[in-house]
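Text of data17.csv, listed as CSV, C-alpha atoms:
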chain,number,residue,atom,x,y,z
A,1,MET,CA,19.8,-75.8,102.7
A,2,ARG,CA,22.3,-77.0,100.1
A,3,LEU,CA,21.2,-80.6,100.5
A,4,ASN,CA,17.6,-79.8,99.9
A,5,SER,CA,18.1,-77.0,97.4
A,6,ILE,CA,16.6,-74.3,99.6
A,7,SER,CA,17.6,-70.8,98.6
A,8,GLY,CA,18.4,-68.1,101.0
A,9,GLU,CA,15.3,-66.2,100.0
A,10,ASP,CA,13.1,-69.1,101.1
A,11,LEU,CA,14.6,-69.2,104.6
A,12,LYS,CA,13.7,-66.9,107.5
A,13,ILE,CA,15.8,-67.0,110.7
A,14,VAL,CA,14.0,-65.6,113.7
A,15,PHE,CA,15.7,-64.8,117.0
A,16,GLU,CA,13.9,-63.9,120.2
A,17,GLU,CA,13.7,-60.2,120.5
A,18,ARG,CA,15.9,-58.9,123.3
A,19,ARG,CA,16.7,-55.3,124.1
A,20,ALA,CA,20.4,-56.0,124.9
A,21,HIS,CA,21.0,-57.7,121.5
A,22,ASP,CA,22.0,-55.8,118.4
A,23,TYR,CA,20.9,-57.9,115.5
A,24,ALA,CA,22.2,-55.3,113.0
A,25,LYS,CA,25.7,-56.1,114.3
A,26,LEU,CA,25.0,-59.8,114.0
A,27,LYS,CA,24.0,-59.3,110.3
A,28,ASN,CA,27.1,-57.3,109.6
A,29,TYR,CA,29.3,-59.9,111.4
A,30,LEU,CA,27.8,-62.6,109.1
A,31,ARG,CA,28.4,-60.5,106.0
A,32,THR,CA,32.0,-60.0,107.1
A,33,ILE,CA,32.6,-63.7,107.6
A,34,LYS,CA,30.9,-64.6,104.3
A,35,ARG,CA,33.1,-62.2,102.5
A,36,ASN,CA,36.4,-63.4,104.0
A,37,PRO,CA,36.0,-66.6,106.0
A,38,HIS,CA,39.1,-67.5,108.0
A,39,ASP,CA,37.9,-71.1,108.0
A,40,LYS,CA,36.6,-72.4,104.7
A,41,ARG,CA,33.9,-74.4,106.4
A,42,LEU,CA,32.3,-71.2,107.6
A,43,GLY,CA,32.1,-70.0,104.1
A,44,PHE,CA,30.5,-73.2,103.0
A,45,TYR,CA,27.9,-73.4,105.8
A,46,LEU,CA,27.1,-69.7,105.9
A,47,GLY,CA,27.0,-69.4,102.1
A,48,PRO,CA,23.3,-69.9,101.6
A,49,ILE,CA,22.2,-67.7,104.6
A,50,LEU,CA,21.2,-64.2,103.7
A,51,PRO,CA,21.8,-61.9,106.7
A,52,ASP,CA,18.8,-59.7,105.6
A,53,CYS,CA,16.5,-62.7,106.2
A,54,ILE,CA,17.4,-62.6,109.9
A,55,GLU,CA,14.8,-60.9,112.1
A,56,SER,CA,13.8,-60.8,115.8
A,57,LYS,CA,10.4,-61.2,117.2
A,58,ALA,CA,8.8,-61.1,120.7
A,59,LYS,CA,8.0,-64.6,121.9
A,60,PRO,CA,4.2,-64.0,121.8
A,61,ASP,CA,4.5,-63.0,118.2
A,62,GLU,CA,6.3,-66.2,117.1
A,63,GLU,CA,4.9,-69.5,118.4
A,64,LEU,CA,8.0,-71.5,117.2
A,65,LEU,CA,10.2,-69.7,119.7
A,66,CYS,CA,9.1,-72.1,122.4
A,67,TYR,CA,11.1,-74.9,120.7
A,68,PRO,CA,14.6,-73.4,121.4
A,69,ASP,CA,13.5,-72.9,125.0
A,70,LEU,CA,12.5,-76.6,125.2
A,71,VAL,CA,15.8,-77.8,123.8
A,72,ALA,CA,17.8,-75.4,125.9
A,73,PHE,CA,16.0,-76.5,129.1
A,74,SER,CA,16.5,-80.2,128.1
A,75,VAL,CA,20.2,-79.8,127.6
A,76,ALA,CA,20.6,-77.8,130.8
A,77,ALA,CA,18.7,-80.4,132.8
A,78,ALA,CA,20.8,-83.2,131.2
A,79,ILE,CA,24.1,-81.4,132.2
A,80,ASN,CA,23.4,-79.6,135.5
A,81,ALA,CA,23.4,-81.5,138.8
A,82,SER,CA,21.4,-78.8,140.5
A,83,ALA,CA,19.5,-78.7,143.7
A,84,ALA,CA,16.3,-78.6,141.7
A,85,ASN,CA,17.0,-82.1,140.4
A,86,LEU,CA,18.5,-83.4,143.7
A,87,GLY,CA,22.0,-83.3,142.3
A,88,VAL,CA,21.3,-85.8,139.5
A,89,PRO,CA,21.3,-84.5,135.9
A,90,GLU,CA,17.9,-85.3,134.3
A,91,GLN,CA,18.5,-86.8,130.8
A,92,ARG,CA,15.0,-88.0,130.1
A,93,TYR,CA,13.8,-84.8,128.4
A,94,LEU,CA,16.7,-84.9,126.0
A,95,ARG,CA,16.3,-88.6,125.3
A,96,GLU,CA,12.7,-87.9,124.4
A,97,LEU,CA,13.8,-85.3,121.9
A,98,LYS,CA,16.7,-87.3,120.5
A,99,ASN,CA,14.9,-88.6,117.4
A,100,ARG,CA,14.0,-85.0,116.5
A,101,PHE,CA,17.6,-83.8,116.0
A,102,PHE,CA,19.3,-83.7,112.6
A,103,LYS,CA,21.8,-86.5,112.3
A,104,GLU,CA,24.5,-87.6,109.9
A,105,ALA,CA,22.8,-89.9,107.4
A,106,GLU,CA,25.5,-92.6,107.2
A,107,THR,CA,26.4,-92.9,110.9
A,108,GLY,CA,23.3,-91.7,112.7
A,109,VAL,CA,25.6,-89.4,114.8
A,110,ILE,CA,23.6,-86.5,116.2
A,111,GLY,CA,26.3,-84.8,118.3
A,112,GLU,CA,28.3,-83.4,115.4
A,113,PHE,CA,25.3,-82.3,113.4
A,114,GLY,CA,22.1,-81.7,115.3
A,115,LEU,CA,23.3,-81.0,118.8
A,116,LYS,CA,26.9,-80.1,119.5
A,117,LEU,CA,28.2,-79.4,123.0
A,118,PHE,CA,31.1,-77.0,122.5
A,119,LYS,CA,34.0,-77.6,124.8
A,120,ARG,CA,32.2,-80.6,126.3
A,121,TYR,CA,35.5,-82.0,127.6
A,122,GLU,CA,36.0,-78.8,129.6
A,123,LEU,CA,32.6,-79.2,131.3
A,124,ASP,CA,32.6,-80.7,134.8
A,125,LEU,CA,30.3,-83.6,133.9
A,126,ASP,CA,29.9,-86.6,136.1
A,127,ARG,CA,30.8,-89.9,134.5
A,128,SER,CA,27.2,-90.9,133.7
A,129,THR,CA,26.5,-87.6,132.0
A,130,SER,CA,29.8,-87.7,130.0
A,131,ASP,CA,28.9,-91.2,128.8
A,132,PHE,CA,25.4,-90.1,127.9
A,133,PHE,CA,26.7,-87.3,125.6
A,134,GLU,CA,29.6,-89.4,124.2
A,135,LYS,CA,26.9,-91.6,122.6
A,136,TRP,CA,25.7,-88.6,120.7
A,137,HIS,CA,29.1,-87.4,119.5
A,138,SER,CA,31.9,-88.8,117.5
A,139,SER,CA,35.3,-87.1,117.0
A,140,GLU,CA,35.9,-89.4,114.1
A,141,VAL,CA,32.9,-88.2,112.0
A,142,GLU,CA,33.5,-85.2,109.8
A,143,PRO,CA,30.4,-83.4,108.3
A,144,ASN,CA,29.5,-84.6,104.8
A,145,LEU,CA,29.6,-81.3,102.9
A,146,HIS,CA,27.6,-82.7,99.9
A,147,ASP,CA,30.0,-81.2,97.4
A,148,GLY,CA,32.5,-84.0,97.0
A,149,GLY,CA,34.1,-83.4,100.4
A,150,LYS,CA,35.6,-80.0,99.5
A,151,TYR,CA,35.3,-77.1,101.9
Exercise: express the given structure as structure tokens:
Amino acid sequence: MRLNSISGEDLKIVFEERRAHDYAKLKNYLRTIKRNPHDKRLGFYLGPILPDCIESKAKPDEELLCYPDLVAFSVAAAINASAANLGVPEQRYLRELKNRFFKEAETGVIGEFGLKLFKRYELDLDRSTSDFFEKWHSSEVEPNLHDGGKY
């Protein structure tokens, strides 16, 4: 948003409506973090987001909600060696989507910017899957904050 001069008023964040989720609590949580971020990066990244621009919709009411499902399925298929894929993680779906993810401009790294697997070293990944995701990530790359490197 900062990079492209998009104001918070021009952004709408839509989550899939779920009875068990309290989106009012999410909005209040974001307001609290923005007021007093324990990590300065959070203040930077969440700064342009306006909690009141967050809403929830039923899947039939928002066509674009199919895309998070597509990405989630692709990531799950690439990680899980389930019986459904004969015990071999299927990475083709994610490879097909790879060029659609946001990436760091200078390095082309996707994993720290457009797709990040949290605690990926704690996942029980086979060697091939681990190598696949390592190509997407780089522990040496820090996000370019577009403000002179300050948090």
Please provide as a PyMOL selection string all residues within 8 Å of region 127-135 of chain A, with the sequence filter that same-chain residues fewer than 2 positions apart are discarded (counting all atoms listed in the file). chain A and resi 78-79+89+111+125+137-138
Polymer residues at most 12 Å from Leu30 (chain A), only C-alpha atoms, same-chain spacing of 5 or more positions, as a PyMOL selection string: chain A and resi 23-25+35-37+42-43+45-54
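Closest approach to Glu17 (chain A) among A:Val75, A:Leu117, A:Leu97, A:Ala58 is made by A:Ala58 (distances from only C-alpha atoms).
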Measuring atom to atom with all atoms listed in the file, identify which of A:Arg92, A:Arg100, A:Lys119, A:Lys27 is nearest to Ser56 (chain A).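 Smallest distance to Ser56 (chain A) is found for A:Lys27.
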Nearest candidate to Leu70 (chain A) (options A:Glu55, A:Glu96, A:Arg31, A:Ala83; using all atoms listed in the file):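 Comparing A:Glu55, A:Glu96, A:Arg31, A:Ala83 against Leu70 (chain A), the winner is A:Glu96.
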Taking 5 positions as the minimum chain separation for residues in the same chain, which residues sit within 12 Å of Pro60 (chain A) when counting only C-alpha atoms? Answer as a PyMOL selection string. chain A and resi 16-17+65-66
Store the residues picked out above in a file with C-alpha atoms, as a PDB file, in the coordinates of the input.
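And here is the file that came out, again_8.pdb:
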ATOM      1  CA  GLU A  16      13.900 -63.900 120.200  1.00  0.00           C
ATOM      2  CA  GLU A  17      13.700 -60.200 120.500  1.00  0.00           C
ATOM      3  CA  LEU A  65      10.200 -69.700 119.700  1.00  0.00           C
ATOM      4  CA  CYS A  66       9.100 -72.100 122.400  1.00  0.00           C
TER       5      CYS A  66
END
Which neighbours of Lys103 (chain A) fall inside 7 Å, counting only C-alpha atoms, when residues of the same chain fewer than 5 positions from it are skipped, and could you give them as a PyMOL selection string? chain A and resi 108-110+113-114
Distance CA of Leu3 (chain A)-CA of Glu112 (chain A), one decimal place?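 Calculated distance between CA of Leu3 (chain A) and CA of Glu112 (chain A) is 16.7 Å.
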Tell me, in Å to one decimal, how far CA of Asp61 (chain A) is from CA of Ala20 (chain A).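 Taking CA of Asp61 (chain A) as the start and CA of Ala20 (chain A) as the end point, the length is 18.6 Å.
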At what distance in Å, to one decimal, does CA of Ile13 (chain A) lie from CA of Glu62 (chain A)?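 A separation of 11.5 Å between them.
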